[in-house]
Amino acid sequence: MNKTRILLADDHSLVRQGLRLILNAEPDLEVVAEAADGAEAVAAASDDAVDLAVLDIAMPRMTGLQAAREISRRAPGIRILILSMYDNEQYFFEALKVGASGYVLKSAADQDLLEACRATMRGEPFLYPGAVTALIRDYLQRDREGERMPESILTPREEEIVKLIAEGNSAKDIAETLVISVKTVDRHRANILQKLGMRDRLELTRYAIRAGLVEP
């Protein structure tokens with residue numbers, strides 16, 4: 001089994017130690033680098049050495065959000081999770097904007113961090129319950145304010161695939177449902193992301209909600 005190589009960044013050494021123990025106890029996860037601030041995290045993040053960066057949101061020199069933005073720019077192959085003590089919608093939405101695939105509350109890290117790491121590496125978003133509520137409220141607010149729903153530039157087959165992705169189906173599930181190959185699903189997904197200017201499943205899910213392909 002190939003282990004997910006993790007960069008762990010937090011300015012508190014005791015927090016890093018505790019998280020490292022949780023992660024390294026799993027057969028599929030391994031902390032391969034640590035950083036005490038955002039600048040160190042950016043310096044340690046390279047596509048060929050790290051698969052996943054777990055970044056504390058509040059660090060000296062460079063925040064986790066700033067580091068996430070820079071890592072996304074320099075090493076787009078690295079997936080990013082934001083770790084935060086703040087159950088705060090603004091931080092959550094900022095994390096999504098800078099390219100994070102998930103937002104984990106420190107208060108629930110012992111339960112949520114492992115699943116968040118695995119979901120992120122599967123290309124799926126990880127959202128704690130309050131974040132799901134925030135996403136739905138954001139959608140309803142846009143709808144109330146009359147923000148125009150996106151006109152579709154996708155083919156009917158592509159819309160079908162977006163809907164299935166947003167409903168949480170894997171590429172294999174979609175291939176079986178539509179009786180096509182997994183390779184064809186992956187090709188459609190790449191075309192869809194390019195057309196919409198998006199990069200991951202979370203953005204596709206938000207698009208699917210706004211376009212009315214799935215219920216919020």
# chains A, B, ... in the order shown; residues from 1 in each chain; ligands from 1
>>> closest_atom_pairs(of="stretch 48-77 of chain A", to="stretch 117-122 of chain A", cutoff="10 Å", atoms="only C-alpha atoms", output="Markdown table")
| residue | atom | partner | partner_atom | distance |
| --- | --- | --- | --- | --- |
| A:Asp51 | CA | A:Met121 | CA | 8.1 |
| A:Leu52 | CA | A:Met121 | CA | 7.6 |
| A:Ala53 | CA | A:Cys117 | CA | 9.3 |
| A:Val54 | CA | A:Cys117 | CA | 8.5 |
>>> closest_residue(among="A:Val31, A:Leu113, A:Leu96, A:Ile78", to="A:Met198", atoms="only C-alpha atoms")
A:Leu96
>>> select_by_dssp(residues="stretch 155-201 of chain A", states="alpha helix (DSSP H)", output="PyMOL selection string")
chain A and resi 156-166+171-178+182-196+201
>>> atom_distance(atom1="atom CA of A:Ala211", atom2="atom CA of A:Ile153")
10.9 Å
>>> closest_residue(among="A:Leu21, A:Val15, A:Ala9, A:Val50", to="A:Gly64", atoms="only C-alpha atoms")
A:Ala9
>>> closest_residue(among="A:Thr133, A:His188, A:Leu8, A:Ala25", to="A:Ile80", atoms="only C-alpha atoms")
A:Leu8
>>> residues_around(residues="A:Val185", least_positions_apart="6", cutoff="9 Å", atoms="only C-alpha atoms", output="PyMOL selection string")
chain A and resi 161+171-172+174-175
>>> atom_distance(atom1="atom CA of A:Arg69", atom2="atom CA of A:Tyr207")
21.5 Å
>>> atom_distance(atom1="atom CA of A:Glu124", atom2="atom CA of A:Asp200")
7.8 Å
>>> residues_around(residues="A:Ala49", least_positions_apart="3", cutoff="10 Å", atoms="only C-alpha atoms", output="PyMOL selection string")
chain A and resi 5-7+32-33+44-46+52+78
>>> select_by_dssp(residues="stretch 10-214 of chain A", states="strand (DSSP E or B)", output="list in words")
Leu29, Glu30, Val31, Val32, Ala33, Glu34, Ala35, Leu52, Ala53, Val54, Leu55, Asp56, Arg79, Ile80, Leu81, Ile82, Leu83, Ser84, Gly102, Tyr103, Val104, Leu105, Phe126 and Leu127 of chain A
>>> residues_around(residues="A:Ile82", least_positions_apart="2", cutoff="6 Å", atoms="only C-alpha atoms", output="ChimeraX atom specification")
/A:54-56,103
>>> residues_around(residues="A:Glu70", least_positions_apart="5", cutoff="10 Å", atoms="only C-alpha atoms", output="MDAnalysis selection string")
chainID A and resid 38:39 41:43 45 64:65 75:76 98:99
>>> closest_residue(among="A:Leu105, A:Gly168, A:Ala190, A:Leu19", to="A:Asn88", atoms="only C-alpha atoms")
A:Leu105
>>> closest_residue(among="A:Leu204, A:Ala95, A:Leu140, A:Leu14", to="A:Ala166", atoms="only C-alpha atoms")
A:Leu204
